[in-house]
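Below: entry-v8.cif (mmCIF, C-alpha atoms)
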data_work
#
loop_
_atom_site.label_atom_id
_atom_site.label_comp_id
_atom_site.auth_asym_id
_atom_site.auth_seq_id
_atom_site.Cartn_x
_atom_site.Cartn_y
_atom_site.Cartn_z
CA GLY A 1 26.06 -53.80 51.82
CA ASP A 2 25.45 -56.31 49.03
CA ALA A 3 22.09 -54.63 48.27
CA MET A 4 23.64 -51.18 48.09
CA ARG A 5 26.44 -52.38 45.85
CA SER A 6 23.98 -54.16 43.56
CA ALA A 7 22.03 -50.89 43.21
CA GLY A 8 25.18 -49.08 42.15
CA ALA A 9 25.55 -47.15 45.43
CA THR A 10 28.96 -46.61 47.00
CA ARG A 11 29.51 -45.98 50.67
CA VAL A 12 31.84 -43.10 51.30
CA GLY A 13 33.26 -42.51 54.70
CA PRO A 14 36.14 -40.67 56.37
CA GLY A 15 39.42 -41.70 54.89
CA THR A 16 37.82 -43.55 52.00
CA ARG A 17 37.66 -42.63 48.33
CA GLY A 18 34.29 -43.05 46.55
CA ALA A 19 34.17 -45.04 43.33
CA ARG A 20 33.00 -43.33 40.09
CA PRO A 21 29.29 -43.80 39.29
CA SER A 22 28.57 -46.37 36.62
CA ALA A 23 28.10 -45.35 32.93
CA SER A 24 24.41 -46.16 33.11
CA VAL A 25 23.93 -43.48 35.77
CA PHE A 26 25.50 -40.87 33.48
CA ARG A 27 23.37 -42.00 30.53
CA LYS A 28 20.15 -41.77 32.55
CA ALA A 29 21.03 -38.29 33.87
CA SER A 30 21.95 -37.10 30.40
CA ALA A 31 18.68 -38.47 28.98
CA ARG A 32 16.67 -36.68 31.69
CA LYS A 33 18.44 -33.37 30.95
CA SER A 34 17.88 -33.75 27.20
CA ALA A 35 14.18 -34.50 27.69
CA ALA A 36 13.78 -31.47 29.96
CA ALA A 37 15.56 -29.27 27.43
CA ARG A 38 13.28 -30.51 24.64
CA ARG A 39 10.21 -29.79 26.75
CA ARG A 40 11.42 -26.26 27.48
CA ALA A 41 12.22 -25.62 23.81
CA SER A 42 8.81 -26.93 22.74
CA ALA A 43 7.01 -24.75 25.29
CA SER A 44 9.04 -21.71 24.21
CA ALA A 45 8.25 -22.37 20.54
CA GLU A 46 4.54 -22.68 21.32
CA ARG A 47 4.61 -19.35 23.15
CA ALA A 48 6.57 -17.62 20.36
CA SER A 49 4.54 -18.99 17.42
CA PRO A 50 1.04 -17.52 17.08
CA ARG A 51 -1.81 -19.94 16.62
CA PRO A 52 -3.20 -20.33 13.08
CA ASP A 53 -6.52 -18.81 14.16
CA ASP A 54 -4.72 -15.74 15.49
CA VAL A 55 -2.76 -15.34 12.24
CA LEU A 56 -5.95 -15.57 10.16
CA GLU A 57 -7.72 -13.07 12.40
CA GLU A 58 -4.75 -10.69 12.07
CA ILE A 59 -4.93 -10.91 8.27
CA LEU A 60 -8.69 -10.36 8.19
CA GLU A 61 -8.47 -7.46 10.65
CA THR A 62 -5.88 -5.74 8.42
CA ILE A 63 -8.18 -6.11 5.41
CA ARG A 64 -11.28 -4.93 7.31
CA SER A 65 -9.52 -1.90 8.79
CA ALA A 66 -8.30 -0.84 5.35
CA ARG A 67 -11.79 -1.25 3.90
CA GLU A 68 -13.31 0.90 6.65
CA ALA A 69 -10.69 3.58 5.98
CA ASN A 70 -11.46 3.37 2.24
CA THR A 71 -7.88 2.48 1.40
CA ASN A 72 -5.74 -0.54 0.55
CA PRO A 73 -4.28 -2.84 3.22
CA ASP A 74 -0.59 -2.54 3.99
CA PHE A 75 1.16 -5.35 2.10
CA PHE A 76 4.04 -5.59 4.58
CA GLU A 77 1.63 -5.88 7.48
CA LEU A 78 -0.42 -8.48 5.60
CA LEU A 79 2.62 -10.71 5.07
CA GLY A 80 3.98 -10.08 8.57
CA VAL A 81 7.31 -8.67 7.35
CA GLN A 82 9.18 -5.40 7.68
CA VAL A 83 10.29 -3.00 4.97
CA GLY A 84 13.64 -4.23 3.69
CA THR A 85 12.96 -7.92 4.41
CA ASP A 86 14.76 -10.11 1.88
CA PRO A 87 12.68 -12.04 -0.71
CA THR A 88 13.45 -15.42 0.89
CA ALA A 89 11.84 -14.37 4.18
CA ILE A 90 8.91 -12.80 2.32
CA ARG A 91 8.34 -16.07 0.45
CA SER A 92 8.50 -18.09 3.66
CA SER A 93 6.04 -15.84 5.48
CA TYR A 94 3.69 -15.83 2.47
CA ARG A 95 3.59 -19.65 2.34
CA GLU A 96 2.91 -19.91 6.07
CA ARG A 97 0.03 -17.44 5.84
CA MET A 98 -1.42 -19.05 2.73
CA ARG A 99 -1.56 -22.40 4.55
CA VAL A 100 -3.55 -20.72 7.32
CA ALA A 101 -5.83 -18.71 5.02
CA HIS A 102 -6.52 -21.35 2.36
CA PRO A 103 -10.29 -21.72 1.80
CA ASP A 104 -10.04 -25.47 2.49
CA VAL A 105 -8.83 -24.55 5.98
CA ALA A 106 -10.40 -21.15 6.70
CA GLY A 107 -13.62 -21.52 4.72
CA SER A 108 -15.27 -18.59 2.94
CA GLU A 109 -13.27 -15.99 4.90
CA GLY A 110 -10.07 -17.47 3.55
CA HIS A 111 -10.98 -16.74 -0.08
CA GLU A 112 -10.74 -12.96 0.27
CA ALA A 113 -7.62 -13.28 2.42
CA CYS A 114 -5.92 -15.41 -0.23
CA VAL A 115 -6.75 -12.94 -3.01
CA VAL A 116 -5.19 -10.04 -1.09
CA LEU A 117 -2.21 -12.13 0.07
CA ASN A 118 -1.48 -13.11 -3.54
CA GLU A 119 -1.56 -9.46 -4.59
CA ALA A 120 0.75 -8.48 -1.73
CA TYR A 121 3.17 -11.30 -2.53
CA ALA A 122 3.27 -10.50 -6.25
CA THR A 123 4.00 -6.84 -5.46
CA LEU A 124 6.71 -7.37 -2.84
CA MET A 125 8.54 -10.11 -4.76
CA ASP A 126 9.00 -7.92 -7.85
CA ASP A 127 11.87 -5.44 -7.42
CA GLU A 128 10.31 -2.59 -9.41
CA LEU A 129 6.82 -3.08 -7.99
CA ARG A 130 8.21 -3.23 -4.46
CA GLU A 131 10.18 -0.02 -4.96
CA ALA A 132 7.12 1.74 -6.35
CA TYR A 133 4.94 0.44 -3.52
CA GLN A 134 7.37 1.59 -0.83
CA VAL A 135 7.36 5.08 -2.32
CA GLU A 136 3.57 5.02 -2.57
CA ARG A 137 3.38 4.22 1.16
CA VAL A 138 5.04 7.58 1.78
CA PHE A 139 3.63 9.73 -1.02
CA GLY A 140 0.53 7.67 -1.71
CA ALA A 141 -3.18 8.14 -1.16
CA GLY A 142 -4.09 9.46 2.22
CA VAL A 143 -0.70 11.01 3.11
CA ARG A 144 -0.30 8.68 6.07
CA GLY A 145 1.66 10.15 8.94
CA MET A 146 4.18 12.96 9.04
CA SER A 147 6.51 11.19 6.62
CA GLY A 148 3.94 11.71 3.88
CA LEU A 149 3.64 15.39 4.69
CA ARG A 150 7.33 16.23 4.44
CA ASP A 151 6.85 16.70 0.70
CA ALA A 152 4.30 19.46 1.23
CA GLN A 153 5.68 22.22 3.44
CA ASP A 154 3.06 24.62 2.09
CA LEU A 155 0.18 22.13 2.29
CA PRO A 156 -2.84 23.87 3.85
CA SER A 157 -3.66 22.37 7.24
CA ASP A 158 -7.30 21.67 6.30
CA ILE A 159 -6.27 19.56 3.30
CA GLY A 160 -3.66 17.73 5.34
CA ALA A 161 -6.15 17.02 8.14
CA ALA A 162 -8.72 15.75 5.64
CA LEU A 163 -6.24 13.42 3.96
CA ARG A 164 -5.17 11.99 7.29
CA ARG A 165 -8.79 11.37 8.28
CA THR A 166 -10.05 10.07 4.93
CA PRO A 167 -7.71 9.00 2.11
CA TYR A 168 -8.52 10.35 -1.33
CA THR A 169 -9.33 7.51 -3.72
CA GLY A 170 -9.94 9.50 -6.90
CA GLU A 171 -13.48 8.13 -7.13
CA PRO A 172 -16.67 10.26 -6.95
CA LEU A 173 -18.59 10.20 -3.67
CA SER A 174 -21.97 10.38 -5.40
CA LYS A 175 -23.42 7.22 -6.92
CA VAL A 176 -22.37 6.67 -10.52
CA VAL A 177 -24.04 4.06 -12.72
CA GLY A 178 -23.04 2.92 -16.18
CA ARG A 179 -24.90 3.88 -19.32
CA ASP A 180 -26.25 0.33 -19.59
CA HIS A 181 -27.76 0.48 -16.08
CA PHE A 182 -31.55 0.43 -16.07
CA ALA A 183 -31.71 3.60 -13.93
CA SER A 184 -29.28 5.62 -16.05
CA LYS A 185 -30.77 8.55 -17.98
CA ILE A 186 -27.67 9.15 -20.12
CA GLU A 187 -28.58 9.35 -23.80
CA THR A 188 -25.57 11.01 -25.47
CA ASN A 189 -21.79 11.07 -25.21
CA GLU A 190 -21.98 14.77 -24.28
CA GLN A 191 -24.09 13.89 -21.26
CA ALA A 192 -21.72 11.08 -20.28
CA ALA A 193 -18.81 13.56 -20.27
CA LYS A 194 -20.29 15.80 -17.59
CA ALA A 195 -21.62 15.49 -14.05
CA CYS A 196 -23.70 17.46 -11.57
CA PHE A 197 -22.21 19.07 -8.46
CA VAL A 198 -23.72 21.03 -5.56
CA ASP A 199 -21.75 23.79 -3.83
CA GLU A 200 -22.97 22.99 -0.32
CA ILE A 201 -21.34 26.10 1.15
CA THR A 202 -23.65 28.45 -0.75
CA CYS A 203 -26.68 26.12 -0.62
CA ILE A 204 -29.50 27.27 1.68
CA GLY A 205 -31.26 23.91 1.81
CA CYS A 206 -34.46 25.08 0.11
CA GLY A 207 -35.19 21.60 -1.26
CA GLN A 208 -36.21 22.83 -4.71
CA CYS A 209 -33.71 20.61 -6.49
CA SER A 210 -34.96 17.41 -4.88
CA THR A 211 -38.48 18.39 -5.92
CA TYR A 212 -37.63 18.77 -9.62
CA ALA A 213 -35.03 15.95 -9.85
CA SER A 214 -35.70 13.62 -6.94
CA GLY A 215 -33.60 10.83 -8.38
CA THR A 216 -30.49 12.99 -8.39
CA PHE A 217 -30.65 15.22 -5.31
CA ARG A 218 -31.04 14.62 -1.59
CA ASN A 219 -30.76 16.94 1.42
CA GLU A 220 -28.06 15.60 3.73
CA GLN A 221 -29.20 15.25 7.33
CA GLU A 222 -26.44 16.96 9.30
CA ASN A 223 -26.68 20.46 7.82
CA GLY A 224 -29.72 20.18 5.58
CA ARG A 225 -27.79 21.16 2.47
CA ALA A 226 -28.54 19.66 -0.93
CA ARG A 227 -26.17 17.01 -2.26
CA VAL A 228 -26.05 14.93 -5.42
CA PHE A 229 -27.11 11.42 -4.46
CA GLY A 230 -26.67 9.80 -7.86
CA GLN A 231 -25.37 11.01 -11.21
CA TRP A 232 -27.83 10.86 -14.10
CA LEU A 233 -30.64 9.22 -12.15
CA SER A 234 -32.84 12.02 -13.53
CA THR A 235 -33.15 13.25 -17.09
CA GLU A 236 -31.10 16.22 -18.28
CA ASP A 237 -34.27 18.33 -18.53
CA GLU A 238 -35.17 17.53 -14.90
CA ILE A 239 -31.67 18.35 -13.66
CA GLN A 240 -31.52 21.56 -15.71
CA GLU A 241 -34.87 22.64 -14.30
CA ALA A 242 -33.55 22.09 -10.79
CA ILE A 243 -30.52 24.22 -11.68
CA ASP A 244 -32.68 26.98 -13.11
CA MET A 245 -35.01 27.02 -10.10
CA CYS A 246 -32.22 27.16 -7.50
CA PRO A 247 -32.47 30.61 -5.82
CA VAL A 248 -28.74 30.81 -4.98
CA ASP A 249 -27.19 29.13 -8.05
CA CYS A 250 -25.44 26.43 -6.02
CA ILE A 251 -25.84 23.61 -8.61
CA HIS A 252 -23.32 23.28 -11.44
CA TRP A 253 -22.52 21.13 -14.45
CA VAL A 254 -18.84 20.11 -14.24
CA PRO A 255 -16.55 17.95 -16.39
CA LYS A 256 -16.77 14.35 -15.24
CA GLU A 257 -13.07 14.17 -14.34
CA GLN A 258 -13.45 17.10 -11.93
CA LEU A 259 -16.29 15.53 -9.97
CA ALA A 260 -14.20 13.35 -7.62
CA PRO A 261 -11.89 16.12 -6.30
CA LEU A 262 -14.77 18.60 -6.03
CA GLU A 263 -16.87 16.21 -3.97
CA TYR A 264 -13.92 15.20 -1.79
CA VAL A 265 -13.04 18.82 -1.00
CA MET A 266 -16.66 19.75 -0.34
CA GLN A 267 -17.37 16.81 1.97
CA HIS A 268 -14.00 16.28 3.69
CA VAL A 269 -12.00 19.52 3.49
CA LEU A 270 -14.54 22.36 3.66
CA THR A 271 -16.67 20.85 6.41
CA GLU A 272 -17.74 24.11 8.12
CA ARG A 273 -21.19 25.38 7.17
CA VAL A 274 -22.52 28.87 7.93
CA GLY A 275 -26.07 28.89 9.28
CA VAL A 276 -28.76 29.63 6.70
CA SER A 277 -30.20 32.47 8.79
CA LEU A 278 -26.79 34.20 8.85
CA MET A 279 -26.41 33.69 5.10
CA MET A 280 -29.86 35.13 4.37
CA SER A 281 -29.10 38.17 6.54
CA GLY A 282 -25.88 38.81 4.62
CA GLN A 283 -23.57 37.78 7.48
CA GLY A 284 -20.90 35.12 7.73
CA ALA A 285 -19.61 35.63 4.18
CA HIS A 286 -16.01 35.78 5.49
CA ARG A 287 -16.39 32.18 6.67
CA MET A 288 -17.63 30.88 3.33
CA GLU A 289 -14.70 29.56 1.31
CA ASP A 290 -14.72 29.09 -2.44
CA GLY A 291 -15.04 25.34 -3.06
CA PHE A 292 -13.72 25.59 -6.60
CA GLN A 293 -10.62 27.54 -5.52
CA LYS A 294 -9.93 25.07 -2.72
CA THR A 295 -10.27 22.21 -5.19
CA ARG A 296 -7.67 23.88 -7.44
CA GLU A 297 -5.32 24.00 -4.42
CA PHE A 298 -6.07 20.35 -3.72
CA LEU A 299 -5.34 19.29 -7.30
CA LYS A 300 -2.13 21.31 -7.29
CA PHE A 301 -0.97 19.45 -4.22
CA LEU A 302 -1.83 16.09 -5.79
CA SER A 303 0.13 17.05 -8.90
CA GLN A 304 3.16 18.10 -6.85
CA ARG A 305 2.97 14.91 -4.82
CA GLU A 306 2.91 12.83 -8.00
CA GLU A 307 5.92 14.71 -9.38
CA LYS A 308 7.84 14.10 -6.16
CA ARG A 309 6.87 10.44 -6.23
CA ASP A 310 8.15 10.10 -9.79
CA ALA A 311 11.34 11.93 -8.82
CA VAL A 312 11.94 9.56 -5.92
CA LEU A 313 11.37 6.52 -8.14
CA LYS A 314 13.69 7.94 -10.79
CA GLU A 315 16.42 8.63 -8.23
CA ARG A 316 16.11 5.15 -6.72
CA LYS A 317 16.29 3.61 -10.19
CA ARG A 318 19.40 5.68 -10.97
CA LYS A 319 21.09 4.55 -7.76
CA ALA A 320 20.18 0.93 -8.45
CA GLU A 321 21.69 1.17 -11.94
CA MET A 322 24.86 2.73 -10.53
CA LYS A 323 25.09 -0.07 -7.97
CA ARG A 324 24.69 -2.71 -10.66
CA ALA A 325 27.34 -0.97 -12.78
CA ARG A 326 29.79 -0.92 -9.84
CA GLU A 327 29.14 -4.58 -9.10
CA GLU A 328 29.63 -5.49 -12.76
CA MET A 329 32.92 -3.55 -12.88
CA MET A 330 34.13 -5.26 -9.71
CA ARG A 331 33.16 -8.65 -11.13
CA GLN A 332 35.09 -7.99 -14.32
CA GLN A 333 38.12 -6.78 -12.37
CA GLN A 334 38.00 -9.90 -10.21
CA GLU A 335 37.82 -12.11 -13.30
CA GLN A 336 40.82 -10.31 -14.82
CA TRP A 337 42.75 -10.67 -11.58
CA ASP A 338 41.93 -14.37 -11.36
CA GLN A 339 42.96 -14.85 -14.97
CA ARG A 340 46.28 -13.06 -14.40
CA LYS A 341 46.96 -15.29 -11.40
CA LYS A 342 46.23 -18.38 -13.50
CA ASP A 343 48.53 -17.16 -16.31
CA ALA A 344 51.30 -16.36 -13.82
CA TRP A 345 50.92 -19.82 -12.25
CA LYS A 346 51.13 -21.49 -15.67
CA ARG A 347 54.24 -19.49 -16.59
CA ALA A 348 55.85 -20.36 -13.27
CA ASN A 349 55.15 -24.04 -13.73
CA GLY A 350 56.44 -23.93 -17.31
CA ALA A 351 59.68 -22.21 -16.23
CA GLY A 352 60.16 -24.82 -13.48
CA ARG A 353 60.04 -27.64 -15.99
#
Would it be possible to restate this file's structure as structure tokens?
Amino acid sequence: GDAMRSAGATRVGPGTRGARPSASVFRKASARKSAAARRRASASAERASPRPDDVLEEILETIRSAREANTNPDFFELLGVQVGTDPTAIRSSYRERMRVAHPDVAGSEGHEACVVLNEAYATLMDDELREAYQVERVFGAGVRGMSGLRDAQDLPSDIGAALRRTPYTGEPLSKVVGRDHFASKIETNEQAAKACFVDEITCIGCGQCSTYASGTFRNEQENGRARVFGQWLSTEDEIQEAIDMCPVDCIHWVPKEQLAPLEYVMQHVLTERVGVSLMMSGQGAHRMEDGFQKTREFLKFLSQREEKRDAVLKERKRKAEMKRAREEMMRQQQEQWDQRKKDAWKRANGAGR
């Protein structure tokens, strides 16, 4: 009995009332519960928080996927935030990701990640840039998803399908080198203002052009049609001779600014090619679309999309200004009300004296 009592145990039997456990027993039990709770919380936090390596890989995968799609990475996805996230949360997420992606931690891969993260952060932390970017995600290059197509009820399905597959960047698809490049054959400003384009739909793949101007033309492998490989990698005389010797007049000089949409439409929108044998026999003409007409439709859509984008930005700016005006009016009214209360309190105190 003495040993049990010294250990803090109490014998309880019929008709007896047990004594309360000592304070030390309660303290030990409470400490055990607290330690268990801390262990559970720590394990839960470890499961919820991604490892730094996983975060870096997520950032790099977003950048790589965008590069493969020939577009820009999604800034919200890069920073791990949702549209509408407040600036404080954006700043916090940015700092966490920069710690993971810093070149001192991530090495050479971290340099590119930091550059893109900085651009994303600068865009999303500026009110006007963020508004413009959010609109661009809907009406921007590539027309991503159905939300981007709501602004184009009359958009031809082939253009829409092409934009969903391959975003339009506004850059030519043929190789373009500067006038100071060693391979450039540009000699005058008039030459620099124009470019060479092949209408692959009417081309029969004769190969004459690549014979006379081999630096400029290639025959693409899938359909055997001629295509401009590089602008001004042959002299103007060589290119003009190729144009003159073409039996179907499928090579054209075009203004430089029209080259990008023409090449995009030809390579991504009008992808069907009629067999050369059918073309030479005079058949299949109904399946041969006019590349220049389709490019005009494409440019019209781009213009309408830009107008709608500007209209959305203008409307959002108008609403923001109205909101600021309402808030300013409410602030002034509150100040006037507070001042009237102060004046009334002073008059009441003065009358009481």
Using all atoms listed in the file, which protein or nucleic acid residues come within 7 Å of segment 202-212 of chain A? Drop anything in the same chain fewer than 2 positions from it, and give the result as an mmCIF file with C-alpha atoms, in the frame of the given file.
data_model
loop_
_atom_site.group_PDB
_atom_site.id
_atom_site.type_symbol
_atom_site.label_atom_id
_atom_site.label_comp_id
_atom_site.auth_asym_id
_atom_site.auth_seq_id
_atom_site.Cartn_x
_atom_site.Cartn_y
_atom_site.Cartn_z
ATOM 1 C CA ASP A 199 -21.750 23.790 -3.830
ATOM 2 C CA GLU A 200 -22.970 22.990 -0.320
ATOM 3 C CA SER A 214 -35.700 13.620 -6.940
ATOM 4 C CA PHE A 217 -30.650 15.220 -5.310
ATOM 5 C CA ARG A 218 -31.040 14.620 -1.590
ATOM 6 C CA ASN A 219 -30.760 16.940 1.420
ATOM 7 C CA GLY A 224 -29.720 20.180 5.580
ATOM 8 C CA ARG A 225 -27.790 21.160 2.470
ATOM 9 C CA ALA A 226 -28.540 19.660 -0.930
ATOM 10 C CA GLU A 238 -35.170 17.530 -14.900
ATOM 11 C CA GLU A 241 -34.870 22.640 -14.300
ATOM 12 C CA ALA A 242 -33.550 22.090 -10.790
ATOM 13 C CA MET A 245 -35.010 27.020 -10.100
ATOM 14 C CA CYS A 246 -32.220 27.160 -7.500
ATOM 15 C CA VAL A 248 -28.740 30.810 -4.980
ATOM 16 C CA CYS A 250 -25.440 26.430 -6.020
ATOM 17 C CA VAL A 276 -28.760 29.630 6.700
#
Open item on the list: Can you measure atom CA of Gln339 of chain A to atom CA of Glu327 of chain A for me? One decimal in Å is fine.
Closed with: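 Atom-to-atom, atom CA of Gln339 of chain A and atom CA of Glu327 of chain A are spaced 18.2 Å apart.
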TODO: Given the file shown, determine the residues that the PyMOL selection byres ((chain A and resi 169) around 10) selects; report them as a ChimeraX atom specification.
DONE: /A:70-72,141-142,166-168,170-173,260-261,264
Task: Residues within 9 Å of segment 118-128 of chain A, all atoms listed in the file, excluding chain neighbours under 3 positions, as an MDAnalysis selection string - done: chainID A and resid 74:76 78:79 87 90:91 94 98 113:115 131:133 317
Open item on the list: Just to confirm, what's the straight-line distance from atom CA of Lys308 of chain A to atom CA of Arg324 of chain A in Å (one decimal)?
Closed with: 24.2 Å
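From atom CA of Val55 of chain A back to atom CA of Ala106 of chain A, the distance works out to 11.1 Å.
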Task: Contacts of Glu58 of chain A at 12 Å (all atoms listed in the file; same-chain gap of 2+ positions) as a PyMOL selection string - done: chain A and resi 50-56+60-65+73+77-80+97+100-101+113
Just the selected residues (C-alpha atoms), exported as an mmCIF file, in the frame of the given file, please.
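Full text of again-v2.cif as output:
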data_model
loop_
_atom_site.group_PDB
_atom_site.id
_atom_site.type_symbol
_atom_site.label_atom_id
_atom_site.label_comp_id
_atom_site.auth_asym_id
_atom_site.auth_seq_id
_atom_site.Cartn_x
_atom_site.Cartn_y
_atom_site.Cartn_z
ATOM 1 C CA PRO A 50 1.040 -17.520 17.080
ATOM 2 C CA ARG A 51 -1.810 -19.940 16.620
ATOM 3 C CA PRO A 52 -3.200 -20.330 13.080
ATOM 4 C CA ASP A 53 -6.520 -18.810 14.160
ATOM 5 C CA ASP A 54 -4.720 -15.740 15.490
ATOM 6 C CA VAL A 55 -2.760 -15.340 12.240
ATOM 7 C CA LEU A 56 -5.950 -15.570 10.160
ATOM 8 C CA LEU A 60 -8.690 -10.360 8.190
ATOM 9 C CA GLU A 61 -8.470 -7.460 10.650
ATOM 10 C CA THR A 62 -5.880 -5.740 8.420
ATOM 11 C CA ILE A 63 -8.180 -6.110 5.410
ATOM 12 C CA ARG A 64 -11.280 -4.930 7.310
ATOM 13 C CA SER A 65 -9.520 -1.900 8.790
ATOM 14 C CA PRO A 73 -4.280 -2.840 3.220
ATOM 15 C CA GLU A 77 1.630 -5.880 7.480
ATOM 16 C CA LEU A 78 -0.420 -8.480 5.600
ATOM 17 C CA LEU A 79 2.620 -10.710 5.070
ATOM 18 C CA GLY A 80 3.980 -10.080 8.570
ATOM 19 C CA ARG A 97 0.030 -17.440 5.840
ATOM 20 C CA VAL A 100 -3.550 -20.720 7.320
ATOM 21 C CA ALA A 101 -5.830 -18.710 5.020
ATOM 22 C CA ALA A 113 -7.620 -13.280 2.420
#
Please report, as AutoDock Vina command-line options, the centre and edge lengths in Å to one decimal of an axis-aligned box covering all listed atoms of segment 97-104 of chain A with 8 Å per side.
--center_x -5.1 --center_y -21.5 --center_z 4.6 --size_x 26.3 --size_y 24.0 --size_z 21.5
Which residues fall under the PyMOL selection byres ((chain A and resi 271) around 10) in this file, as an mmCIF file with C-alpha atoms, keeping the file's coordinate frame?
data_model
loop_
_atom_site.group_PDB
_atom_site.id
_atom_site.type_symbol
_atom_site.label_atom_id
_atom_site.label_comp_id
_atom_site.auth_asym_id
_atom_site.auth_seq_id
_atom_site.Cartn_x
_atom_site.Cartn_y
_atom_site.Cartn_z
ATOM 1 C CA ASP A 158 -7.300 21.670 6.300
ATOM 2 C CA ALA A 162 -8.720 15.750 5.640
ATOM 3 C CA GLU A 200 -22.970 22.990 -0.320
ATOM 4 C CA ILE A 201 -21.340 26.100 1.150
ATOM 5 C CA VAL A 265 -13.040 18.820 -1.000
ATOM 6 C CA MET A 266 -16.660 19.750 -0.340
ATOM 7 C CA GLN A 267 -17.370 16.810 1.970
ATOM 8 C CA HIS A 268 -14.000 16.280 3.690
ATOM 9 C CA VAL A 269 -12.000 19.520 3.490
ATOM 10 C CA LEU A 270 -14.540 22.360 3.660
ATOM 11 C CA GLU A 272 -17.740 24.110 8.120
ATOM 12 C CA ARG A 273 -21.190 25.380 7.170
#
